[in-house]
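Chemist: As input, take coords-v3.cif (mmCIF, C-alpha atoms and all ligand atoms; chains and numbers go by the auth columns):
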data_my_file
#
loop_
_atom_site.group_PDB
_atom_site.id
_atom_site.type_symbol
_atom_site.label_atom_id
_atom_site.label_comp_id
_atom_site.label_asym_id
_atom_site.label_seq_id
_atom_site.Cartn_x
_atom_site.Cartn_y
_atom_site.Cartn_z
_atom_site.B_iso_or_equiv
_atom_site.auth_seq_id
_atom_site.auth_asym_id
ATOM 1 C CA MET A 1 0.000 0.000 0.000 0.00 1 S
ATOM 2 C CA PRO A 2 1.413 3.378 -0.848 0.00 2 S
ATOM 3 C CA ILE A 3 2.417 5.666 1.963 0.00 3 S
ATOM 4 C CA GLY A 4 -0.545 7.765 2.931 0.00 4 S
ATOM 5 C CA ALA A 5 -3.173 5.359 1.593 0.00 5 S
ATOM 6 C CA GLY A 6 -6.023 4.120 3.740 0.00 6 S
ATOM 7 C CA GLU A 7 -5.974 3.593 7.455 0.00 7 S
ATOM 8 C CA HIS A 8 -2.215 3.250 7.677 0.00 8 S
ATOM 9 C CA SER A 9 -1.454 6.849 6.806 0.00 9 S
ATOM 10 C CA ALA A 10 0.168 8.897 9.540 0.00 10 S
ATOM 11 C CA SER A 11 -1.111 12.336 10.382 0.00 11 S
ATOM 12 C CA PRO A 12 1.488 15.126 10.557 0.00 12 S
ATOM 13 C CA ALA A 13 0.925 15.038 14.302 0.00 13 S
ATOM 14 C CA ASP A 14 2.439 11.561 14.372 0.00 14 S
ATOM 15 C CA ALA A 15 5.738 11.829 16.216 0.00 15 S
ATOM 16 C CA ALA A 16 7.094 8.905 14.188 0.00 16 S
ATOM 17 C CA ALA A 17 6.402 10.580 10.846 0.00 17 S
ATOM 18 C CA PRO A 18 9.494 11.509 8.823 0.00 18 S
ATOM 19 C CA VAL A 19 10.599 15.124 8.946 0.00 19 S
ATOM 20 C CA VAL A 20 11.185 16.221 5.362 0.00 20 S
ATOM 21 C CA GLY A 21 12.303 19.831 5.190 0.00 21 S
ATOM 22 C CA VAL A 22 11.406 21.872 2.122 0.00 22 S
ATOM 23 C CA LEU A 23 13.940 24.475 1.058 0.00 23 S
ATOM 24 C CA ALA A 24 11.903 27.673 0.900 0.00 24 S
ATOM 25 C CA LEU A 25 14.254 30.396 -0.260 0.00 25 S
ATOM 26 C CA GLN A 26 12.557 30.754 -3.625 0.00 26 S
ATOM 27 C CA GLY A 27 10.404 28.818 -6.049 0.00 27 S
ATOM 28 C CA ALA A 28 7.701 26.184 -5.891 0.00 28 S
ATOM 29 C CA PHE A 29 8.066 25.021 -2.293 0.00 29 S
ATOM 30 C CA ASP A 30 4.532 25.257 -0.935 0.00 30 S
ATOM 31 C CA ARG A 31 3.019 22.511 -3.082 0.00 31 S
ATOM 32 C CA HIS A 32 5.833 20.158 -2.073 0.00 32 S
ATOM 33 C CA ARG A 33 4.961 20.856 1.552 0.00 33 S
ATOM 34 C CA ARG A 34 1.307 20.062 0.883 0.00 34 S
ATOM 35 C CA HIS A 35 2.113 16.817 -0.967 0.00 35 S
ATOM 36 C CA LEU A 36 4.402 15.656 1.828 0.00 36 S
ATOM 37 C CA GLU A 37 1.897 16.503 4.553 0.00 37 S
ATOM 38 C CA SER A 38 -0.872 14.736 2.633 0.00 38 S
ATOM 39 C CA LEU A 39 1.326 11.635 2.802 0.00 39 S
ATOM 40 C CA GLY A 40 1.776 11.889 6.559 0.00 40 S
ATOM 41 C CA ALA A 41 5.219 13.507 6.710 0.00 41 S
ATOM 42 C CA HIS A 42 6.176 16.589 8.653 0.00 42 S
ATOM 43 C CA ALA A 43 7.332 19.207 6.144 0.00 43 S
ATOM 44 C CA PRO A 44 8.907 22.210 7.838 0.00 44 S
ATOM 45 C CA LEU A 45 10.137 25.004 5.610 0.00 45 S
ATOM 46 C CA VAL A 46 13.921 25.491 5.568 0.00 46 S
ATOM 47 C CA ARG A 47 15.260 29.024 5.361 0.00 47 S
ATOM 48 C CA GLN A 48 18.278 29.074 7.651 0.00 48 S
ATOM 49 C CA ALA A 49 20.936 26.723 8.961 0.00 49 S
ATOM 50 C CA THR A 50 19.120 25.952 12.225 0.00 50 S
ATOM 51 C CA ASP A 51 16.151 24.707 10.202 0.00 51 S
ATOM 52 C CA LEU A 52 18.383 21.829 9.054 0.00 52 S
ATOM 53 C CA ASP A 53 18.468 20.277 12.515 0.00 53 S
ATOM 54 C CA HIS A 54 16.474 17.069 13.006 0.00 54 S
ATOM 55 C CA LEU A 55 15.613 16.577 9.335 0.00 55 S
ATOM 56 C CA ASP A 56 15.251 13.036 7.976 0.00 56 S
ATOM 57 C CA ALA A 57 15.339 14.357 4.403 0.00 57 S
ATOM 58 C CA ILE A 58 14.981 17.535 2.381 0.00 58 S
ATOM 59 C CA VAL A 59 13.300 18.656 -0.834 0.00 59 S
ATOM 60 C CA ILE A 60 14.985 21.224 -3.061 0.00 60 S
ATOM 61 C CA PRO A 61 12.165 22.592 -5.219 0.00 61 S
ATOM 62 C CA GLY A 62 11.956 24.046 -8.682 0.00 62 S
ATOM 63 C CA GLY A 63 12.417 27.741 -9.251 0.00 63 S
ATOM 64 C CA GLU A 64 15.565 29.369 -10.515 0.00 64 S
ATOM 65 C CA SER A 65 18.799 27.561 -9.729 0.00 65 S
ATOM 66 C CA THR A 66 20.978 30.640 -10.173 0.00 66 S
ATOM 67 C CA THR A 67 18.856 32.576 -7.672 0.00 67 S
ATOM 68 C CA MET A 68 18.732 29.672 -5.248 0.00 68 S
ATOM 69 C CA SER A 69 22.484 29.206 -5.476 0.00 69 S
ATOM 70 C CA HIS A 70 22.955 32.916 -4.824 0.00 70 S
ATOM 71 C CA LEU A 71 20.546 32.994 -1.873 0.00 71 S
ATOM 72 C CA LEU A 72 22.034 29.820 -0.382 0.00 72 S
ATOM 73 C CA THR A 73 25.498 31.322 -0.600 0.00 73 S
ATOM 74 C CA THR A 74 24.744 34.838 0.627 0.00 74 S
ATOM 75 C CA GLY A 75 22.479 33.511 3.390 0.00 75 S
ATOM 76 C CA GLY A 76 25.217 31.226 4.698 0.00 76 S
ATOM 77 C CA LEU A 77 23.168 28.081 4.143 0.00 77 S
ATOM 78 C CA PHE A 78 25.057 26.567 1.221 0.00 78 S
ATOM 79 C CA ASP A 79 27.975 25.054 3.154 0.00 79 S
ATOM 80 C CA GLU A 80 25.810 23.782 6.037 0.00 80 S
ATOM 81 C CA LEU A 81 23.417 22.127 3.627 0.00 81 S
ATOM 82 C CA ALA A 82 26.268 20.769 1.499 0.00 82 S
ATOM 83 C CA ALA A 83 27.843 19.169 4.571 0.00 83 S
ATOM 84 C CA ARG A 84 24.605 17.410 5.510 0.00 84 S
ATOM 85 C CA LEU A 85 23.871 16.301 1.972 0.00 85 S
ATOM 86 C CA THR A 86 27.387 14.987 1.513 0.00 86 S
ATOM 87 C CA ALA A 87 27.008 13.107 4.809 0.00 87 S
ATOM 88 C CA GLY A 88 23.978 11.335 3.303 0.00 88 S
ATOM 89 C CA LEU A 89 20.881 13.426 4.104 0.00 89 S
ATOM 90 C CA PRO A 90 18.325 12.100 1.591 0.00 90 S
ATOM 91 C CA VAL A 91 17.254 14.727 -0.932 0.00 91 S
ATOM 92 C CA LEU A 92 14.597 15.084 -3.619 0.00 92 S
ATOM 93 C CA GLY A 93 15.643 17.777 -6.090 0.00 93 S
ATOM 94 C CA THR A 94 13.107 18.863 -8.687 0.00 94 S
ATOM 95 C CA CYS A 95 13.870 20.981 -11.756 0.00 95 S
ATOM 96 C CA ALA A 96 16.061 23.792 -10.371 0.00 96 S
ATOM 97 C CA GLY A 97 16.588 21.412 -7.423 0.00 97 S
ATOM 98 C CA MET A 98 17.866 18.803 -9.854 0.00 98 S
ATOM 99 C CA ILE A 99 20.372 21.344 -11.176 0.00 99 S
ATOM 100 C CA LEU A 100 21.561 22.063 -7.632 0.00 100 S
ATOM 101 C CA CYS A 101 22.036 18.336 -6.969 0.00 101 S
ATOM 102 C CA ALA A 102 23.929 17.660 -10.219 0.00 102 S
ATOM 103 C CA SER A 103 27.677 17.262 -10.575 0.00 103 S
ATOM 104 C CA ALA A 104 28.017 19.628 -13.548 0.00 104 S
ATOM 105 C CA VAL A 105 25.867 22.416 -14.991 0.00 105 S
ATOM 106 C CA LEU A 106 25.996 23.677 -18.570 0.00 106 S
ATOM 107 C CA ASP A 107 24.659 27.109 -19.525 0.00 107 S
ATOM 108 C CA GLY A 108 24.697 28.171 -15.899 0.00 108 S
ATOM 109 C CA ARG A 109 25.994 31.384 -14.435 0.00 109 S
ATOM 110 C CA ASP A 110 29.702 31.472 -13.724 0.00 110 S
ATOM 111 C CA ASP A 111 29.122 31.868 -9.999 0.00 111 S
ATOM 112 C CA GLN A 112 26.407 29.208 -9.841 0.00 112 S
ATOM 113 C CA ARG A 113 27.191 26.401 -7.407 0.00 113 S
ATOM 114 C CA CYS A 114 25.854 22.878 -7.161 0.00 114 S
ATOM 115 C CA PHE A 115 26.130 20.129 -4.550 0.00 115 S
ATOM 116 C CA GLY A 116 27.531 17.361 -6.802 0.00 116 S
ATOM 117 C CA LEU A 117 25.384 14.613 -5.270 0.00 117 S
ATOM 118 C CA ILE A 118 24.543 12.685 -8.423 0.00 118 S
ATOM 119 C CA ASP A 119 26.746 12.048 -11.452 0.00 119 S
ATOM 120 C CA LEU A 120 24.707 14.080 -13.922 0.00 120 S
ATOM 121 C CA THR A 121 25.679 16.806 -16.344 0.00 121 S
ATOM 122 C CA VAL A 122 22.609 18.964 -16.897 0.00 122 S
ATOM 123 C CA ARG A 123 22.003 21.793 -19.303 0.00 123 S
ATOM 124 C CA ARG A 124 19.866 24.599 -17.889 0.00 124 S
ATOM 125 C CA ASN A 125 16.784 25.322 -20.009 0.00 125 S
ATOM 126 C CA GLY A 126 18.136 22.577 -22.288 0.00 126 S
ATOM 127 C CA TYR A 127 14.839 21.728 -23.984 0.00 127 S
ATOM 128 C CA GLY A 128 15.018 25.021 -25.853 0.00 128 S
ATOM 129 C CA ARG A 129 12.681 27.954 -26.236 0.00 129 S
ATOM 130 C CA GLN A 130 9.962 26.154 -28.166 0.00 130 S
ATOM 131 C CA LEU A 131 9.676 23.603 -25.413 0.00 131 S
ATOM 132 C CA GLU A 132 10.029 25.973 -22.470 0.00 132 S
ATOM 133 C CA SER A 133 7.012 24.305 -20.990 0.00 133 S
ATOM 134 C CA PHE A 134 5.506 20.959 -21.892 0.00 134 S
ATOM 135 C CA GLU A 135 3.708 18.005 -20.407 0.00 135 S
ATOM 136 C CA ALA A 136 4.276 14.304 -20.958 0.00 136 S
ATOM 137 C CA ASP A 137 3.076 10.966 -19.643 0.00 137 S
ATOM 138 C CA LEU A 138 6.035 9.107 -18.212 0.00 138 S
ATOM 139 C CA GLU A 139 6.572 5.465 -17.470 0.00 139 S
ATOM 140 C CA ILE A 140 8.210 5.298 -14.076 0.00 140 S
ATOM 141 C CA THR A 141 10.049 2.179 -12.954 0.00 141 S
ATOM 142 C CA GLY A 142 7.866 0.209 -10.556 0.00 142 S
ATOM 143 C CA GLU A 143 4.662 2.079 -11.446 0.00 143 S
ATOM 144 C CA THR A 144 1.926 0.509 -13.545 0.00 144 S
ATOM 145 C CA GLN A 145 0.122 3.740 -14.471 0.00 145 S
ATOM 146 C CA PRO A 146 1.794 6.623 -16.368 0.00 146 S
ATOM 147 C CA PHE A 147 2.756 9.751 -14.462 0.00 147 S
ATOM 148 C CA HIS A 148 1.591 13.011 -16.033 0.00 148 S
ATOM 149 C CA ALA A 149 4.633 15.264 -15.725 0.00 149 S
ATOM 150 C CA VAL A 150 4.839 19.044 -16.104 0.00 150 S
ATOM 151 C CA PHE A 151 8.158 20.380 -17.402 0.00 151 S
ATOM 152 C CA ILE A 152 8.920 24.110 -17.064 0.00 152 S
ATOM 153 C CA ARG A 153 12.217 25.393 -18.481 0.00 153 S
ATOM 154 C CA ALA A 154 13.504 21.986 -17.488 0.00 154 S
ATOM 155 C CA PRO A 155 17.123 20.884 -17.240 0.00 155 S
ATOM 156 C CA TYR A 156 18.228 18.458 -19.966 0.00 156 S
ATOM 157 C CA VAL A 157 20.433 15.577 -18.894 0.00 157 S
ATOM 158 C CA GLN A 158 23.444 15.643 -21.171 0.00 158 S
ATOM 159 C CA HIS A 159 25.281 12.850 -19.402 0.00 159 S
ATOM 160 C CA ALA A 160 24.446 10.356 -16.658 0.00 160 S
ATOM 161 C CA GLY A 161 27.121 8.345 -14.872 0.00 161 S
ATOM 162 C CA THR A 162 26.937 4.554 -14.794 0.00 162 S
ATOM 163 C CA ASP A 163 25.967 4.479 -11.111 0.00 163 S
ATOM 164 C CA VAL A 164 22.891 6.640 -11.753 0.00 164 S
ATOM 165 C CA GLU A 165 19.643 4.672 -11.626 0.00 165 S
ATOM 166 C CA VAL A 166 17.347 6.068 -14.300 0.00 166 S
ATOM 167 C CA LEU A 167 13.709 5.754 -13.177 0.00 167 S
ATOM 168 C CA ALA A 168 12.011 7.511 -16.117 0.00 168 S
ATOM 169 C CA THR A 169 12.978 8.936 -19.479 0.00 169 S
ATOM 170 C CA TYR A 170 11.421 11.356 -21.940 0.00 170 S
ATOM 171 C CA GLU A 171 12.416 10.791 -25.557 0.00 171 S
ATOM 172 C CA GLY A 172 15.287 8.649 -24.330 0.00 172 S
ATOM 173 C CA ILE A 173 16.680 11.259 -21.937 0.00 173 S
ATOM 174 C CA PRO A 174 16.616 10.644 -18.156 0.00 174 S
ATOM 175 C CA VAL A 175 14.055 12.819 -16.365 0.00 175 S
ATOM 176 C CA LEU A 176 13.794 10.949 -13.056 0.00 176 S
ATOM 177 C CA ALA A 177 16.897 9.431 -11.541 0.00 177 S
ATOM 178 C CA ARG A 178 18.442 8.308 -8.309 0.00 178 S
ATOM 179 C CA SER A 179 21.886 7.795 -6.898 0.00 179 S
ATOM 180 C CA GLY A 180 21.999 6.578 -3.304 0.00 180 S
ATOM 181 C CA PRO A 181 20.089 9.080 -1.128 0.00 181 S
ATOM 182 C CA CYS A 182 19.709 11.613 -3.963 0.00 182 S
ATOM 183 C CA THR A 183 16.602 11.508 -6.175 0.00 183 S
ATOM 184 C CA VAL A 184 16.102 14.097 -8.916 0.00 184 S
ATOM 185 C CA ALA A 185 13.309 14.982 -11.337 0.00 185 S
ATOM 186 C CA ALA A 186 13.608 17.321 -14.313 0.00 186 S
ATOM 187 C CA PHE A 187 9.861 17.978 -14.024 0.00 187 S
ATOM 188 C CA HIS A 188 7.593 19.368 -11.287 0.00 188 S
ATOM 189 C CA PRO A 189 5.962 16.406 -9.494 0.00 189 S
ATOM 190 C CA GLU A 190 4.300 18.774 -7.025 0.00 190 S
ATOM 191 C CA LEU A 191 2.179 20.507 -9.695 0.00 191 S
ATOM 192 C CA THR A 192 -0.395 17.751 -10.163 0.00 192 S
ATOM 193 C CA ASP A 193 -2.442 15.873 -7.573 0.00 193 S
ATOM 194 C CA ASP A 194 -0.429 12.717 -8.234 0.00 194 S
ATOM 195 C CA THR A 195 1.799 12.162 -5.201 0.00 195 S
ATOM 196 C CA ARG A 196 3.605 9.043 -6.420 0.00 196 S
ATOM 197 C CA VAL A 197 7.039 10.636 -6.859 0.00 197 S
ATOM 198 C CA HIS A 198 6.871 11.941 -3.289 0.00 198 S
ATOM 199 C CA GLU A 199 5.657 8.527 -2.112 0.00 199 S
ATOM 200 C CA MET A 200 8.576 6.879 -3.903 0.00 200 S
ATOM 201 C CA PHE A 201 10.946 9.303 -2.199 0.00 201 S
ATOM 202 C CA LEU A 202 9.427 8.653 1.243 0.00 202 S
ATOM 203 C CA ARG A 203 9.652 4.899 0.635 0.00 203 S
ATOM 204 C CA SER A 204 13.360 5.291 -0.143 0.00 204 S
ATOM 205 C CA LEU A 205 14.087 6.787 3.271 0.00 205 S
ATOM 206 C CA PRO A 206 15.702 4.625 5.940 0.00 206 S
ATOM 207 C CA ALA A 207 13.003 2.529 7.645 0.00 207 S
ATOM 208 C CA ALA A 208 13.289 4.430 10.938 0.00 208 S
ATOM 209 C CA SER A 209 11.949 7.589 9.333 0.00 209 S
ATOM 210 C CA LEU A 210 8.900 6.110 7.611 0.00 210 S
ATOM 211 C CA PRO A 211 5.395 6.924 8.839 0.00 211 S
ATOM 212 C CA THR A 212 3.917 4.418 11.278 0.00 212 S
ATOM 213 C CA GLY A 213 2.328 1.455 9.548 0.00 213 S
ATOM 214 C CA THR A 214 4.208 1.876 6.255 0.00 214 S
ATOM 215 C CA PRO A 215 4.875 -1.593 4.815 0.00 215 S
HETATM 216 N N1 LIG B . 15.499 26.874 -15.675 0.00 301 T
HETATM 217 C C1 LIG B . 15.459 26.972 -14.257 0.00 301 T
HETATM 218 C C2 LIG B . 16.857 27.040 -13.660 0.00 301 T
HETATM 219 O O1 LIG B . 17.784 27.199 -14.319 0.00 301 T
HETATM 220 C C3 LIG B . 14.724 25.806 -13.659 0.00 301 T
HETATM 221 C C4 LIG B . 13.252 25.904 -13.968 0.00 301 T
HETATM 222 C C5 LIG B . 12.378 25.283 -12.960 0.00 301 T
HETATM 223 O O2 LIG B . 12.784 24.950 -11.844 0.00 301 T
HETATM 224 N N2 LIG B . 11.136 25.185 -13.306 0.00 301 T
HETATM 225 O O3 LIG B . 17.017 26.922 -12.485 0.00 301 T
#
Using structure tokens, write down the structure that the file contains.
Ligand code: GLN

Modeler:
Amino acid sequence: MPIGAGEHSASPADAAAPVVGVLALQGAFDRHRRHLESLGAHAPLVRQATDLDHLDAIVIPGGESTTMSHLLTTGGLFDELAARLTAGLPVLGTCAGMILCASAVLDGRDDQRCFGLIDLTVRRNGYGRQLESFEADLEITGETQPFHAVFIRAPYVQHAGTDVEVLATYEGIPVLARSGPCTVAAFHPELTDDTRVHEMFLRSLPAASLPTGTP
């Protein structure tokens, strides 16, 4: 049974529910928070280094990776977050969040930084002007029904390392991928009512941080 389904779902008041912070400096963070809470997780917003304490995982949302990189750096959060991510804090990075998690960024700003958590080279806005925004039904590994995905000025995966597990592709290019505790999506899984990408991420967390009753 998926996390959050039926009588086994945890309410956010459940002390055993995972605490999944949502980086909230800029971008599409609020819908991530709502998806996570609907699945029984706690989803505190993260804006400063002290907000990183006691997290079981974090979501880095879509938005603008150059702005997020700048705000993370000037706000003093970049190094603290990098240390925790490098130490294995599970992360779901979507769109701009995927860019921040990648190991190399093409067409970025010179001062743009990324965390290097997954062996991906991504090109910012790589689908080109005509396809700034598009939608597609994706086949996701382990899912029987397609996932309707919304892409907005999405990063294009130019190269994926051999240890990257590709979970979905669009026209042969990875758009959902995982490497250890780092999961990334080129699209915005928070923009539809379908919570399966968030469920998949919650299921990937160490057992101790899953909501009560999760199989
Ligand atoms: N193109 C944006 C960037 O470079 C990402 C767009 C998005 O997150 N929807 O960060």

Chemist: Please produce, as a tab-separated table, a per-residue contact table for chain S versus ligand LIG 301 (chain T) (criterion: any atom at most 12 Å away, all atoms listed in the file considered), showing the nearest atom pair and its distance in Å to one decimal, sorted by chain then residue number.

Modeler:
residue	atom	partner	partner_atom	distance
S:Gln26	CA	T:LIG301	O2	10.1
S:Gly27	CA	T:LIG301	O2	7.4
S:Ala28	CA	T:LIG301	O2	7.9
S:Phe29	CA	T:LIG301	O2	10.7
S:Ile60	CA	T:LIG301	O2	9.8
S:Pro61	CA	T:LIG301	O2	7.1
S:Gly62	CA	T:LIG301	O2	3.4
S:Gly63	CA	T:LIG301	O2	3.8
S:Glu64	CA	T:LIG301	O3	3.5
S:Ser65	CA	T:LIG301	O3	3.3
S:Thr66	CA	T:LIG301	O3	5.9
S:Thr67	CA	T:LIG301	O3	7.6
S:Met68	CA	T:LIG301	O3	7.9
S:Ser69	CA	T:LIG301	O3	9.2
S:His70	CA	T:LIG301	O3	11.4
S:Gly93	CA	T:LIG301	O2	9.6
S:Thr94	CA	T:LIG301	O2	6.9
S:Cys95	CA	T:LIG301	O2	4.1
S:Ala96	CA	T:LIG301	O2	3.8
S:Gly97	CA	T:LIG301	O2	6.8
S:Met98	CA	T:LIG301	O2	8.2
S:Ile99	CA	T:LIG301	O3	6.6
S:Leu100	CA	T:LIG301	O3	8.2
S:Cys101	CA	T:LIG301	O3	11.4
S:Ala102	CA	T:LIG301	O3	11.8
S:Val105	CA	T:LIG301	O1	9.4
S:Leu106	CA	T:LIG301	O1	9.9
S:Asp107	CA	T:LIG301	O1	8.6
S:Gly108	CA	T:LIG301	O1	7.2
S:Arg109	CA	T:LIG301	O1	9.2
S:Gln112	CA	T:LIG301	O1	9.9
S:Arg113	CA	T:LIG301	O3	11.4
S:Cys114	CA	T:LIG301	O3	11.1
S:Val122	CA	T:LIG301	O1	9.9
S:Arg123	CA	T:LIG301	O1	8.5
S:Arg124	CA	T:LIG301	O1	4.9
S:Asn125	CA	T:LIG301	N1	4.8
S:Gly126	CA	T:LIG301	N1	8.3
S:Tyr127	CA	T:LIG301	N1	9.8
S:Gly128	CA	T:LIG301	N1	10.4
S:Arg129	CA	T:LIG301	N1	11.0
S:Leu131	CA	T:LIG301	N1	11.8
S:Glu132	CA	T:LIG301	N1	8.8
S:Ser133	CA	T:LIG301	N2	8.8
S:Phe134	CA	T:LIG301	N2	11.1
S:Val150	CA	T:LIG301	N2	9.2
S:Phe151	CA	T:LIG301	N2	7.0
S:Ile152	CA	T:LIG301	N2	4.5
S:Arg153	CA	T:LIG301	N1	4.6
S:Ala154	CA	T:LIG301	C4	5.3
S:Pro155	CA	T:LIG301	N1	6.4
S:Tyr156	CA	T:LIG301	N1	9.8
S:Val184	CA	T:LIG301	O2	11.7
S:Ala185	CA	T:LIG301	O2	10.0
S:Ala186	CA	T:LIG301	O2	8.1
S:Phe187	CA	T:LIG301	N2	7.4
S:His188	CA	T:LIG301	N2	7.1
S:Pro189	CA	T:LIG301	N2	10.9
S:Glu190	CA	T:LIG301	N2	11.3
S:Leu191	CA	T:LIG301	N2	10.7

Chemist: Using the chain letters and residue numbers of this document, give as JSON, numbers by chain the residues selected by the PyMOL selection byres (((chain S and resi 34) around 12) and not hetatm).

Modeler: {"S": [12, 20, 21, 22, 28, 29, 30, 31, 32, 33, 35, 36, 37, 38, 39, 40, 41, 42, 43, 44, 45, 189, 190, 191, 192, 193, 194, 195, 198]}

Chemist: Mind pulling up the distance from CA of Asp79 in chain S to CA of Val59 in chain S?

Modeler: 16.5 Å

Chemist: Identify the residues around (13.0, 13.0, -1.2) within a radius of 9 Å, measuring from only C-alpha atoms in the coordinates stated by the file, and give them as a list in words.

Modeler: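 Neighbouring residues, ordered by chain and number, come to Val20, Ala57, Ile58, Val59, Ile60, Pro90, Val91, Leu92, Gly93, Pro181, Cys182, Thr183, Val184, Val197, His198, Glu199, Met200, Phe201, Leu202, Arg203, Ser204 and Leu205 of chain S.
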
Chemist: Taking 6 positions as the minimum chain separation for residues in the same chain, which residues sit within 9 Å of Ile140 in chain S when counting only C-alpha atoms? Answer as JSON, numbers by chain.

Modeler: {"S": [146, 147, 167, 168, 169, 176]}

Chemist: Rounded to one decimal place, report the CA of Ala82 in chain S-CA of Gly116 in chain S distance in Å.

Modeler: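 Spanning CA of Ala82 in chain S to CA of Gly116 in chain S is a straight-line distance of 9.1 Å.
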
Chemist: Just how far from CA of Ala83 in chain S is CA of His54 in chain S, in Å to one decimal?

Modeler: 14.3 Å

Chemist: So, with all atoms listed in the file as the atoms that count, which of S:Pro206, S:Leu117, S:Leu72, S:Asp14 lies closest to Thr86 in chain S?

Modeler: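 Of S:Pro206, S:Leu117, S:Leu72, S:Asp14, the one nearest Thr86 in chain S is S:Leu117, counting all atoms listed in the file.
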
Chemist: What are the centre and the three edge lengths of an axis-aligned box that wraps all atoms of range 186-192 of chain S in the file, given that 8 Å is added to every side, written as JSON and rounded to one decimal in Å?

Modeler:
{"center_x": 6.6, "center_y": 18.5, "center_z": -10.7, "size_x": 30.0, "size_y": 20.1, "size_z": 23.3}

Chemist: Find the spatial neighbours of Ser179 in chain S, counting all atoms listed in the file, within a cut-off of 10 Å - ignore same-chain residues fewer than 6 positions away - and output them as a ChimeraX atom specification.

Modeler: /S:117-120,161-166
